[in-house]
Structures are given as C-alpha cells and as structure tokens.
file protein.cif (mmCIF, C-alpha atoms and all ligand atoms)
data_protein
loop_
_atom_site.label_atom_id
_atom_site.label_comp_id
_atom_site.auth_asym_id
_atom_site.auth_seq_id
_atom_site.Cartn_x
_atom_site.Cartn_y
_atom_site.Cartn_z
CA MET B 77 0.00 0.00 0.00
CA THR B 78 1.13 3.56 -0.53
CA PHE B 79 0.01 6.33 1.79
CA ALA B 80 2.12 9.13 0.47
CA SER B 81 -0.81 10.95 -1.10
CA PRO B 82 -0.88 14.67 -0.33
CA GLU B 83 -3.99 16.56 0.77
CA ASN B 84 -6.52 16.37 -2.05
CA THR B 85 -6.15 19.47 -4.19
CA ASP B 86 -9.81 19.33 -5.32
CA ALA B 87 -10.96 19.58 -1.71
CA PRO B 88 -13.66 22.20 -1.16
CA GLU B 89 -12.57 25.20 0.91
CA GLY B 90 -12.27 24.21 4.58
CA ALA B 91 -12.44 20.43 4.07
CA GLU B 92 -9.89 18.68 6.27
CA ARG B 93 -8.65 15.11 5.88
CA LEU B 94 -10.02 12.99 8.74
CA ASP B 95 -6.60 12.22 10.27
CA HIS B 96 -5.70 15.91 10.28
CA PHE B 97 -9.04 16.73 11.88
CA MET B 98 -8.59 13.97 14.47
CA ALA B 99 -5.01 15.01 15.33
CA ARG B 100 -6.13 18.61 15.85
CA ALA B 101 -9.19 17.57 17.88
CA ALA B 102 -7.21 15.15 20.09
CA ALA B 103 -4.41 17.67 20.77
CA ALA B 104 -6.93 20.36 21.76
CA TYR B 105 -8.89 17.89 23.86
CA TYR B 106 -5.95 16.51 25.87
CA ALA B 107 -4.49 20.02 26.32
CA ALA B 108 -7.67 21.57 27.68
CA ARG B 109 -9.81 18.95 29.37
CA ASP B 110 -9.54 16.31 32.03
CA PRO B 111 -10.17 13.23 29.86
CA PHE B 112 -10.94 11.10 32.88
CA GLN B 113 -14.26 12.89 33.31
CA ASP B 114 -15.30 11.51 29.95
CA PHE B 115 -14.08 7.92 30.15
CA ALA B 116 -12.50 5.48 32.61
CA THR B 117 -9.29 3.59 31.81
CA SER B 118 -8.02 0.38 33.42
CA PRO B 119 -5.30 1.97 35.60
CA GLU B 120 -7.90 4.41 36.96
CA ILE B 121 -10.34 1.58 37.68
CA SER B 122 -7.95 -0.73 39.59
CA GLN B 123 -4.46 -0.24 41.01
CA ALA B 124 -3.87 -3.99 40.43
CA PHE B 125 -3.68 -3.25 36.67
CA GLY B 126 -0.50 -1.13 36.93
CA GLU B 127 0.94 -3.43 39.58
CA CYS B 128 0.57 -6.47 37.32
CA LEU B 129 2.08 -4.58 34.37
CA GLY B 130 5.00 -3.55 36.58
CA LEU B 131 5.65 -7.17 37.50
CA TRP B 132 5.31 -8.14 33.84
CA ALA B 133 8.05 -5.58 33.08
CA ALA B 134 10.22 -7.02 35.90
CA VAL B 135 9.94 -10.57 34.53
CA THR B 136 10.70 -9.25 31.04
CA TRP B 137 13.80 -7.43 32.36
CA GLN B 138 15.09 -10.71 33.82
CA ALA B 139 14.47 -12.47 30.50
CA MET B 140 16.47 -9.70 28.76
CA GLY B 141 19.48 -10.55 30.94
CA ARG B 142 18.95 -7.72 33.47
CA PRO B 143 20.42 -4.82 31.41
CA ASP B 144 21.53 -1.81 33.48
CA PRO B 145 20.57 0.86 32.62
CA VAL B 146 17.24 -0.02 31.02
CA LEU B 147 14.53 2.38 29.87
CA LEU B 148 11.04 1.93 31.31
CA VAL B 149 8.98 3.91 28.80
CA GLU B 150 5.28 4.71 28.90
CA CYS B 151 3.46 6.25 25.96
CA GLY B 152 0.37 8.32 26.75
CA PRO B 153 0.62 7.96 30.54
CA GLY B 154 -2.56 9.94 31.35
CA ARG B 155 -2.60 10.77 35.06
CA GLY B 156 0.54 8.71 35.75
CA SER B 157 -1.39 6.10 37.73
CA LEU B 158 -0.19 3.07 35.77
CA MET B 159 3.46 4.08 36.16
CA ALA B 160 3.05 4.90 39.88
CA ASP B 161 1.42 1.52 40.56
CA ALA B 162 4.02 -0.29 38.44
CA LEU B 163 6.98 1.39 40.17
CA ARG B 164 5.60 0.60 43.63
CA ALA B 165 5.18 -3.08 42.75
CA ILE B 166 8.63 -3.21 41.11
CA ALA B 167 10.35 -1.61 44.14
CA GLU B 168 8.76 -4.18 46.39
CA MET B 169 9.21 -7.31 44.27
CA MET B 170 12.40 -6.65 42.29
CA PRO B 171 14.43 -3.79 43.79
CA ASP B 172 17.40 -4.44 41.44
CA PHE B 173 15.16 -3.60 38.49
CA ARG B 174 13.94 -0.42 40.25
CA VAL B 175 17.56 0.70 40.60
CA ALA B 176 18.49 -0.13 36.99
CA LEU B 177 15.48 1.48 35.29
CA GLN B 178 15.10 5.03 33.97
CA VAL B 179 11.54 6.33 33.58
CA HIS B 180 10.73 8.00 30.24
CA LEU B 181 7.23 9.31 29.49
CA VAL B 182 6.01 10.17 26.00
CA GLU B 183 3.26 12.77 26.45
CA THR B 184 2.16 15.71 24.31
CA SER B 185 -0.29 17.34 26.73
CA PRO B 186 1.29 19.94 29.09
CA ARG B 187 -1.68 19.58 31.41
CA LEU B 188 -1.29 15.81 31.73
CA ARG B 189 2.49 16.18 32.15
CA GLU B 190 1.72 18.26 35.25
CA ALA B 191 -0.58 15.54 36.57
CA GLN B 192 2.14 12.94 35.93
CA ALA B 193 4.78 15.04 37.71
CA ALA B 194 2.44 15.49 40.68
CA LYS B 195 1.95 11.74 40.96
CA LEU B 196 5.47 10.52 40.16
CA GLY B 197 7.64 13.42 41.26
CA ALA B 198 9.50 15.18 38.45
CA ALA B 199 12.86 13.90 39.69
CA GLY B 200 14.05 10.88 37.78
CA VAL B 201 11.41 11.22 35.06
CA THR B 202 12.19 12.40 31.53
CA TRP B 203 9.37 13.59 29.26
CA HIS B 204 9.30 13.39 25.46
CA GLU B 205 7.00 14.92 22.83
CA ASP B 206 7.64 11.97 20.60
CA VAL B 207 9.39 8.58 20.74
CA GLY B 208 12.07 9.96 18.39
CA THR B 209 14.03 11.53 21.29
CA LEU B 210 14.17 8.41 23.50
CA PRO B 211 17.79 7.35 24.13
CA GLU B 212 19.12 4.37 22.18
CA ALA B 213 19.18 1.67 24.88
CA PRO B 214 17.48 -1.57 25.94
CA MET B 215 13.86 -0.74 26.65
CA ILE B 216 10.62 -1.99 28.11
CA LEU B 217 7.68 0.04 26.83
CA LEU B 218 4.13 0.13 28.16
CA ALA B 219 1.16 1.79 26.46
CA ASN B 220 -2.46 1.55 27.55
CA GLU B 221 -5.06 3.27 25.37
CA PHE B 222 -2.38 5.18 23.47
CA LEU B 223 -2.80 3.85 19.93
CA ASP B 224 -6.57 4.43 19.92
CA ALA B 225 -5.96 8.16 20.35
CA LEU B 226 -3.74 8.41 17.24
CA PRO B 227 -5.37 9.83 14.11
CA ILE B 228 -6.85 7.56 11.46
CA ARG B 229 -7.68 7.99 7.78
CA GLN B 230 -10.94 6.56 6.49
CA PHE B 231 -11.77 5.48 2.96
CA ILE B 232 -15.22 4.57 1.69
CA ARG B 233 -15.87 2.38 -1.31
CA GLY B 234 -17.92 4.11 -3.98
CA ALA B 235 -19.22 2.75 -7.29
CA ASP B 236 -15.99 3.79 -9.04
CA GLY B 237 -13.42 2.99 -6.35
CA TRP B 238 -12.23 4.26 -3.01
CA ARG B 239 -12.87 7.81 -1.84
CA GLU B 240 -11.31 9.44 1.21
CA ARG B 241 -13.34 10.96 4.00
CA HIS B 242 -12.74 14.60 4.87
CA VAL B 243 -14.51 16.73 7.45
CA LEU B 244 -16.32 19.91 6.48
CA ALA B 245 -18.51 21.84 8.93
CA GLY B 246 -19.11 18.82 11.16
CA ARG B 247 -19.94 16.40 8.33
CA PHE B 248 -18.08 13.95 6.13
CA VAL B 249 -17.34 14.82 2.51
CA GLU B 250 -15.81 12.13 0.31
CA LEU B 251 -13.11 13.02 -2.16
CA ASN B 252 -11.25 11.06 -4.80
CA SER B 253 -8.31 9.06 -3.52
CA ASP B 254 -5.22 7.65 -5.17
CA VAL B 255 -4.37 5.38 -2.23
CA ALA B 256 -4.07 1.70 -3.17
CA LEU B 257 -6.62 -0.29 -1.14
CA PRO B 258 -8.18 -3.76 -1.63
CA ALA B 259 -10.11 -3.95 -4.92
CA ASP B 260 -12.66 -6.54 -3.81
CA ALA B 261 -14.57 -4.48 -1.23
CA PRO B 262 -18.36 -4.10 -1.48
CA GLU B 263 -19.79 -0.65 -2.17
CA GLY B 264 -20.21 1.31 1.07
CA ALA B 265 -17.37 -0.54 2.84
CA VAL B 266 -15.21 1.65 5.12
CA CYS B 267 -11.48 1.02 5.37
CA GLU B 268 -9.47 2.59 8.19
CA VAL B 269 -5.72 3.21 8.16
CA ASN B 270 -3.84 4.38 11.24
CA GLN B 271 -0.55 5.54 9.75
CA ALA B 272 0.64 6.93 13.08
CA ALA B 273 0.10 3.58 14.82
CA LEU B 274 1.83 1.71 11.99
CA GLY B 275 4.74 4.15 12.07
CA PHE B 276 4.98 3.71 15.84
CA ALA B 277 4.97 -0.12 15.51
CA ALA B 278 7.70 0.06 12.85
CA TRP B 279 9.79 2.33 15.10
CA LEU B 280 9.31 -0.04 18.06
CA GLY B 281 10.21 -3.04 15.89
CA VAL B 282 13.49 -1.45 14.80
CA ARG B 283 14.32 -0.30 18.34
CA VAL B 284 13.84 -3.66 20.07
CA ALA B 285 15.57 -5.54 17.27
CA ARG B 286 18.58 -3.20 17.55
CA HIS B 287 18.90 -2.67 21.33
CA GLY B 288 16.78 -5.44 22.85
CA GLY B 289 13.55 -5.14 24.71
CA ALA B 290 9.79 -5.37 24.43
CA GLY B 291 6.69 -3.23 24.10
CA LEU B 292 3.37 -4.18 25.70
CA LEU B 293 0.47 -2.48 23.95
CA ILE B 294 -3.02 -2.71 25.47
CA ASP B 295 -5.94 -1.23 23.63
CA TYR B 296 -9.31 -2.06 22.17
CA GLY B 297 -10.11 -3.38 18.75
CA PRO B 298 -10.59 -6.62 16.84
CA ALA B 299 -7.87 -9.28 16.62
CA GLU B 300 -8.22 -9.39 12.84
CA GLY B 301 -8.63 -6.27 10.74
CA GLY B 302 -11.53 -5.86 8.33
CA PHE B 303 -13.84 -3.21 7.00
CA GLY B 304 -15.89 -1.00 9.30
CA ASP B 305 -16.21 2.47 10.76
CA SER B 306 -14.91 2.49 14.36
CA LEU B 307 -14.49 6.25 14.84
CA GLN B 308 -16.14 7.19 18.13
CA ALA B 309 -16.28 9.92 20.73
CA MET B 310 -17.21 10.02 24.40
CA ARG B 311 -18.37 12.81 26.66
CA ALA B 312 -19.14 12.22 30.34
CA GLY B 313 -19.27 8.48 29.69
CA GLN B 314 -21.78 8.80 26.82
CA PRO B 315 -21.16 8.26 23.09
CA VAL B 316 -21.44 11.46 21.05
CA ASP B 317 -20.97 12.45 17.39
CA PRO B 318 -17.16 12.41 16.81
CA LEU B 319 -17.36 15.25 14.27
CA SER B 320 -19.53 17.57 16.34
CA ALA B 321 -17.42 19.37 18.94
CA ALA B 322 -13.74 19.08 17.97
CA GLY B 323 -11.51 19.41 21.02
CA GLU B 324 -14.35 19.01 23.50
CA VAL B 325 -14.93 15.27 23.19
CA ASP B 326 -12.59 12.30 23.42
CA ILE B 327 -12.19 10.97 19.87
CA THR B 328 -10.71 7.49 19.27
CA ALA B 329 -10.79 4.54 16.88
CA HIS B 330 -10.34 0.80 17.21
CA VAL B 331 -6.78 -0.49 16.89
CA ASP B 332 -6.09 -2.89 14.03
CA PHE B 333 -3.82 -5.27 15.98
CA ALA B 334 -3.03 -7.47 12.97
CA ALA B 335 -1.75 -4.45 11.02
CA VAL B 336 0.26 -3.17 14.01
CA ALA B 337 1.86 -6.61 14.51
CA ALA B 338 2.66 -6.88 10.79
CA ALA B 339 4.36 -3.46 10.77
CA ALA B 340 6.57 -4.45 13.72
CA ARG B 341 7.42 -7.82 12.15
CA ALA B 342 8.40 -6.11 8.90
CA ALA B 343 10.78 -3.95 10.99
CA GLY B 344 12.49 -7.00 12.51
CA ALA B 345 10.56 -7.68 15.74
CA VAL B 346 8.53 -10.68 16.90
CA ALA B 347 4.84 -10.25 17.80
CA HIS B 348 2.96 -12.21 20.50
CA GLY B 349 -0.83 -11.99 20.69
CA PRO B 350 -3.11 -10.16 20.60
CA LEU B 351 -4.57 -11.84 23.65
CA PRO B 352 -7.87 -10.79 25.29
CA GLN B 353 -7.10 -8.49 28.25
CA GLY B 354 -9.09 -10.70 30.63
CA VAL B 355 -7.01 -13.77 29.78
CA PHE B 356 -3.74 -11.84 29.95
CA LEU B 357 -4.50 -10.26 33.35
CA GLN B 358 -5.70 -13.51 34.89
CA ARG B 359 -2.50 -15.25 33.81
CA LEU B 360 -0.49 -12.49 35.53
CA GLY B 361 -2.27 -13.15 38.84
CA PHE B 362 -4.52 -10.09 38.64
CA MET B 363 -7.50 -11.77 40.36
CA THR B 364 -5.35 -12.93 43.29
CA ARG B 365 -4.01 -9.41 43.73
CA ALA B 366 -7.53 -7.92 43.50
CA ALA B 367 -8.77 -10.38 46.15
CA MET B 368 -5.83 -9.42 48.39
CA LEU B 369 -6.66 -5.71 48.01
CA ALA B 370 -10.28 -6.50 48.89
CA ARG B 371 -9.17 -8.30 52.09
CA LEU B 372 -6.80 -5.48 53.06
CA ASP B 373 -9.53 -2.83 52.87
CA PRO B 374 -12.90 -4.35 53.79
CA ALA B 375 -14.68 -1.00 53.35
CA ARG B 376 -13.73 -1.01 49.65
CA ALA B 377 -13.84 -4.78 49.11
CA GLN B 378 -16.96 -4.70 46.92
CA ALA B 379 -15.54 -1.89 44.80
CA GLN B 380 -12.21 -3.74 44.35
CA LEU B 381 -13.94 -6.91 43.20
CA ALA B 382 -16.31 -5.02 40.90
CA ALA B 383 -13.30 -3.26 39.34
CA ALA B 384 -11.52 -6.58 38.79
CA HIS B 385 -14.63 -7.97 37.13
CA ARG B 386 -14.93 -4.94 34.87
CA LEU B 387 -11.36 -5.32 33.58
CA THR B 388 -11.53 -9.08 33.00
CA ALA B 389 -15.12 -10.11 32.18
CA PRO B 390 -15.67 -10.77 28.47
CA GLU B 391 -18.87 -8.71 28.42
CA ALA B 392 -17.04 -5.74 30.01
CA MET B 393 -13.42 -4.88 29.08
CA GLY B 394 -11.98 -8.41 29.16
CA ARG B 395 -12.45 -9.31 25.49
CA LEU B 396 -12.64 -6.15 23.39
CA PHE B 397 -9.42 -4.93 25.03
CA LYS B 398 -6.35 -6.86 23.94
CA ALA B 399 -2.68 -7.16 24.82
CA LEU B 400 -0.01 -7.33 22.12
CA VAL B 401 3.73 -7.69 22.71
CA LEU B 402 6.33 -6.64 20.15
CA CYS B 403 9.79 -7.77 21.17
CA ASP B 404 13.25 -8.72 20.03
CA SER B 405 13.55 -12.24 18.66
CA SER B 406 16.08 -13.40 21.26
CA LEU B 407 13.53 -13.11 24.09
CA PRO B 408 11.54 -16.12 25.30
CA ILE B 409 7.74 -15.98 25.05
CA PRO B 410 6.64 -13.08 27.29
CA ALA B 411 4.80 -13.76 30.57
CA GLY B 412 1.09 -14.34 29.94
CA PHE B 413 1.51 -15.30 26.26
CA GLU B 414 2.66 -18.92 26.78
CA THR B 415 -0.30 -20.33 24.89
CA ALA B 416 -1.77 -17.50 22.87
N1 LIG X 501 -2.64 5.50 29.41
C1 LIG X 501 -3.52 6.35 30.18
C2 LIG X 501 -4.17 7.47 29.36
C3 LIG X 501 -4.89 7.11 28.11
S1 LIG X 501 -5.55 8.55 27.29
C4 LIG X 501 -4.55 5.50 30.88
O1 LIG X 501 -4.67 4.33 30.55
O2 LIG X 501 -5.24 6.02 31.76
C5 LIG X 501 -4.36 8.84 26.01
C6 LIG X 501 -3.05 9.41 26.47
O3 LIG X 501 -2.21 9.56 25.34
C7 LIG X 501 -3.10 10.78 27.12
O4 LIG X 501 -2.09 10.85 28.10
C8 LIG X 501 -2.79 11.70 25.94
O5 LIG X 501 -2.38 12.99 26.31
C9 LIG X 501 -1.73 10.90 25.25
N2 LIG X 501 -1.54 11.18 23.81
C10 LIG X 501 -2.49 11.28 22.88
N3 LIG X 501 -1.94 11.48 21.66
C11 LIG X 501 -0.60 11.48 21.86
C12 LIG X 501 0.54 11.62 20.99
N4 LIG X 501 0.39 11.78 19.68
N5 LIG X 501 1.76 11.56 21.54
C13 LIG X 501 1.93 11.36 22.86
N6 LIG X 501 0.90 11.23 23.73
C14 LIG X 501 -0.34 11.29 23.23
#

call {"tool": "encode", "arguments": {"input": "protein.cif", "output": "structure tokens"}}
result
Amino acid sequence: MTFASPENTDAPEGAERLDHFMARAAAAYYAARDPFQDFATSPEISQAFGECLGLWAAVTWQAMGRPDPVLLVECGPGRGSLMADALRAIAEMMPDFRVALQVHLVETSPRLREAQAAKLGAAGVTWHEDVGTLPEAPMILLANEFLDALPIRQFIRGADGWRERHVLAGRFVELNSDVALPADAPEGAVCEVNQAALGFAAWLGVRVARHGGAGLLIDYGPAEGGFGDSLQAMRAGQPVDPLSAAGEVDITAHVDFAAVAAAARAAGAVAHGPLPQGVFLQRLGFMTRAAMLARLDPARAQAQLAAAHRLTAPEAMGRLFKALVLCDSSLPIPAGFETA
C-alpha cells in the first residue's frame, strides 16, 4: 500500500482530511480537558492493573538478561497512575530492576504532564514529545489506550473505487483518492488506516531488534482487521458524534492489531498476541491481587472486586481490550503469552 498521497487538491474550501481533523481535535482535547471525566481507563479503575504490568516488566527485564541501565517507557501515561502503581510493585518485588530502570514518558499534553509530575515526582522522570528523542538503549515500553488516540484515515468504497473521508462543517465529505486499497470491497465498505500507529509499531520493531527489549500495547479493537467504521467519541461516559465538537470530546478509533503486529514484524521484531485483556491479566495473577486488596480494605472490598470484574469479564473490558507484545527475537515468550 502507498500512503504518500498529499492533501486532495480538489478539496472544497475548509475540508480537512479525517486524520488531520482527528489530530487537531485530540491535541486540543488533551491540552484543555480532564479526559478522565469523559471515560475510565483500566489503571484508573484498579491499582492492580498497573501493579501487574509492573511485575510483567520485571519478569521481562530478567528475561532480557537484566540490562543496566534499562529504559522503562510509557506512551500516553494519562494521570501517571499506571506508572506509579508499576513502580511501587517493582520496588517491592524486584528492587534491582527499580535501581536499573530510567523512567521516560512520551506525552504531548502539558496539562497531563503536570498531573504525571504530581503523581510521580518530576525527579528521575524524563518527558518526550515523541518517541524519536528516546535514548538508544534496551527498553521496556508500556502503552495503555495510546494507539486508539492516534489519528486515522478513512476510505469509503464508492461505485468507481475508493474515496477518502474529509470533514467539512461537522460532516463527512468524500473526495477522490489515489491510495491503493483492496479492490474486492463491497460498495459502502469503510477502510481505516492508522498511519501513526503503523509508524509507531515500525519504530518499536526497529528499536527492540537493535537494542533489545519489548513493548506491551493494550488497547481495544478486533484481533483481525476488516472493513468498518470504528471512529467514536465520548463525553461524560456517553457516546457522542465524533465530528460535532472538535476538542471538546474524546475521539478514538479501534486499533487494528493485525496491522500493528505486521508493521513491527516487517521492521524485525517478533509479535505475540493479541490476547484478550481478561485472559492476559488472569495469567499475571490479577485476580489474586484484587482479592488481596479486597481483604486489606474491607470497606472497599466490593468496589475492588467489581473493578476486577470490569477489567476481565468478556462482556465488560476483558475481550474487546487486547494485549499485544512486540519484542526482540532473542527473548523467550513473554509472561502471559505462553499459549496465545
Ligand atoms: N494510558 C492512560 C491514558 C490514556 S488517554 C490511561 O490508561 O489512563 C491517552 C493518552 O495519550 C493521554 O495521556 C494523551 O495525552 C496521550 N496522547 C495522545 N496522543 C498522543 C501523541 N500523539 N503523543 C503522545 N501522547 C499522546
């Protein structure tokens, strides 16, 4: 496929390609609003989520041969809760890893950087606008609900071929496209391409192949790609029109895990999964930890158990959310992925 096509020159005045619209809307949204009023993420629902991911990182570090220093990177760290929970668990269970690791956060929103500094303490944390400035070193990378926030392009199949969706005054307009997409799609089919996510996966693939390491990506979307419109927006926990109020609503799209894995493989990495989040977390001992938290704080026991159910039950977040690992080929199968 080629994606090098420039902005359509026949576009009516003011029409904006969907990925450009989405990038602008997401940047404005994360800069100005507290996203956690609009949706709840796993690390905000249960502290056991970040703790289990921290222990996953510790086991991965051992499998890498305990490199020192090692980068512990998080992309899109939100309020910093996942990293805080992970670091606490790591310090307790594998202090050598805590000493060897350097925390690097990739975050574009100044407002969320402040929240992360408040939670983690600015000392010992390095922030990046983009993965491009991360040091060249062995790395363990975590990202929860990061890829879904990256901008997508959408193409819709017309009678004469594919047309690309643009946004004009809160509505879609479809313009001719020279992008090569599958020829055998039915009329009306929608094809989504997340170039930013594919570029990120290719970068990660090169990095872990060159310096060693692994990336654990958790997000929502189907295991196998296909046609369909997954663009969505949330406000105060309710779905809203994604084109309506740019910058005021959380706009995301499903992650095409098969395409992300393929991009990393093409760059030299090995992919494990995707595995349903519920299966992955249970294999990491998440339910045992949640039960322990419930026993430690009887007043919040019901809430702890309800949170654990929400993250793991197939009808809640346990199946739609998936875990994918992209790692260097010398590593053994990552914890949790033994029988994918
Ligand atoms: N991982 C957190 C937050 C998810 S929300 C959690 O699970 O709670 C998405 C996060 O990605 C926010 O921190 C947002 O500011 C960040 N983000 C969105 N687009 C980004 C980009 N292009 N580069 C870096 N960070 C981005």

call {"tool": "residues_around", "arguments": {"input": "protein.cif", "residues": "Ala340 of chain B", "least_positions_apart": "3", "cutoff": "9 Å", "atoms": "all atoms listed in the file", "output": "JSON, numbers by chain"}}
result
{"B": [274, 275, 276, 277, 278, 279, 280, 281, 282, 335, 336, 337, 343, 344, 345, 346, 347, 402, 403]}

call {"tool": "residues_near_ligand", "arguments": {"input": "protein.cif", "ligand": "ligand LIG 501 (chain X)", "cutoff": "6 Å", "atoms": "all atoms listed in the file", "output": "PyMOL selection string"}}
result
chain B and resi 106+117-119+152-154+182-185+206+220-222+225-226

call {"tool": "closest_residue", "arguments": {"input": "protein.cif", "among": "B:Cys151, B:Gln192, B:Phe97, B:Arg241", "to": "Ala219 of chain B", "atoms": "all atoms listed in the file"}}
result
B:Cys151

call {"tool": "closest_residue", "arguments": {"input": "protein.cif", "among": "B:Arg155, B:Ala379, B:Met215, B:Arg283", "to": "Ala116 of chain B", "atoms": "all atoms listed in the file"}}
result
B:Arg155

call {"tool": "closest_residue", "arguments": {"input": "protein.cif", "among": "B:Thr202, B:Thr328, B:Asn270, B:Gln353", "to": "Ala299 of chain B", "atoms": "all atoms listed in the file"}}
result
B:Gln353

call {"tool": "residues_near_point", "arguments": {"input": "protein.cif", "point": "(-1.9, -11.2, 23.4)", "cutoff": "6 Å", "atoms": "all atoms listed in the file", "output": "PyMOL selection string"}}
result
chain B and resi 348-351+399-400

call {"tool": "closest_residue", "arguments": {"input": "protein.cif", "among": "B:Val316, B:Leu396, B:Ala139, B:Leu218", "to": "Gly288 of chain B", "atoms": "only C-alpha atoms"}}
result
B:Ala139

call {"tool": "closest_atom_pairs", "arguments": {"input": "protein.cif", "of": "segment 274-341 of chain B", "to": "segment 356-375 of chain B", "cutoff": "12 Å", "atoms": "all atoms listed in the file", "output": "JSON lines"}}
result
{"residue": "B:Leu292", "atom": "CA", "partner": "B:Phe356", "partner_atom": "CA", "distance": 11.3}
{"residue": "B:Leu293", "atom": "CA", "partner": "B:Phe356", "partner_atom": "CA", "distance": 11.9}
{"residue": "B:Ile294", "atom": "CA", "partner": "B:Phe356", "partner_atom": "CA", "distance": 10.2}

call {"tool": "residues_around", "arguments": {"input": "protein.cif", "residues": "Ala389 of chain B", "least_positions_apart": "2", "cutoff": "12 Å", "atoms": "all atoms listed in the file", "output": "count of residues only"}}
result
22

call {"tool": "atom_distance", "arguments": {"input": "protein.cif", "atom1": "atom CA of Met98 of chain B", "atom2": "atom CA of Pro315 of chain B"}}
result
16.3 Å

call {"tool": "atom_distance", "arguments": {"input": "protein.cif", "atom1": "atom CA of Gly200 of chain B", "atom2": "atom CA of Ala107 of chain B"}}
result
23.6 Å

call {"tool": "axis_aligned_box", "arguments": {"input": "protein.cif", "around": "segment 384-400 of chain B", "padding_each_side": "6 Å", "output": "JSON"}}
result
{"center_x": -9.4, "center_y": -7.8, "center_z": 30.5, "size_x": 30.9, "size_y": 17.9, "size_z": 28.7}

call {"tool": "residues_around", "arguments": {"input": "protein.cif", "residues": "Gln230 of chain B", "least_positions_apart": "3", "cutoff": "9 Å", "atoms": "all atoms listed in the file", "output": "ChimeraX atom specification"}}
result
/B:93-95,239-242,266-270,305

call {"tool": "atom_distance", "arguments": {"input": "protein.cif", "atom1": "atom CA of Phe333 of chain B", "atom2": "atom CA of Ala99 of chain B"}}
result
20.3 Å

call {"tool": "closest_residue", "arguments": {"input": "protein.cif", "among": "B:Pro227, B:Gly297, B:Pro390, B:Gly313", "to": "Gln113 of chain B", "atoms": "all atoms listed in the file"}}
result
B:Gly313
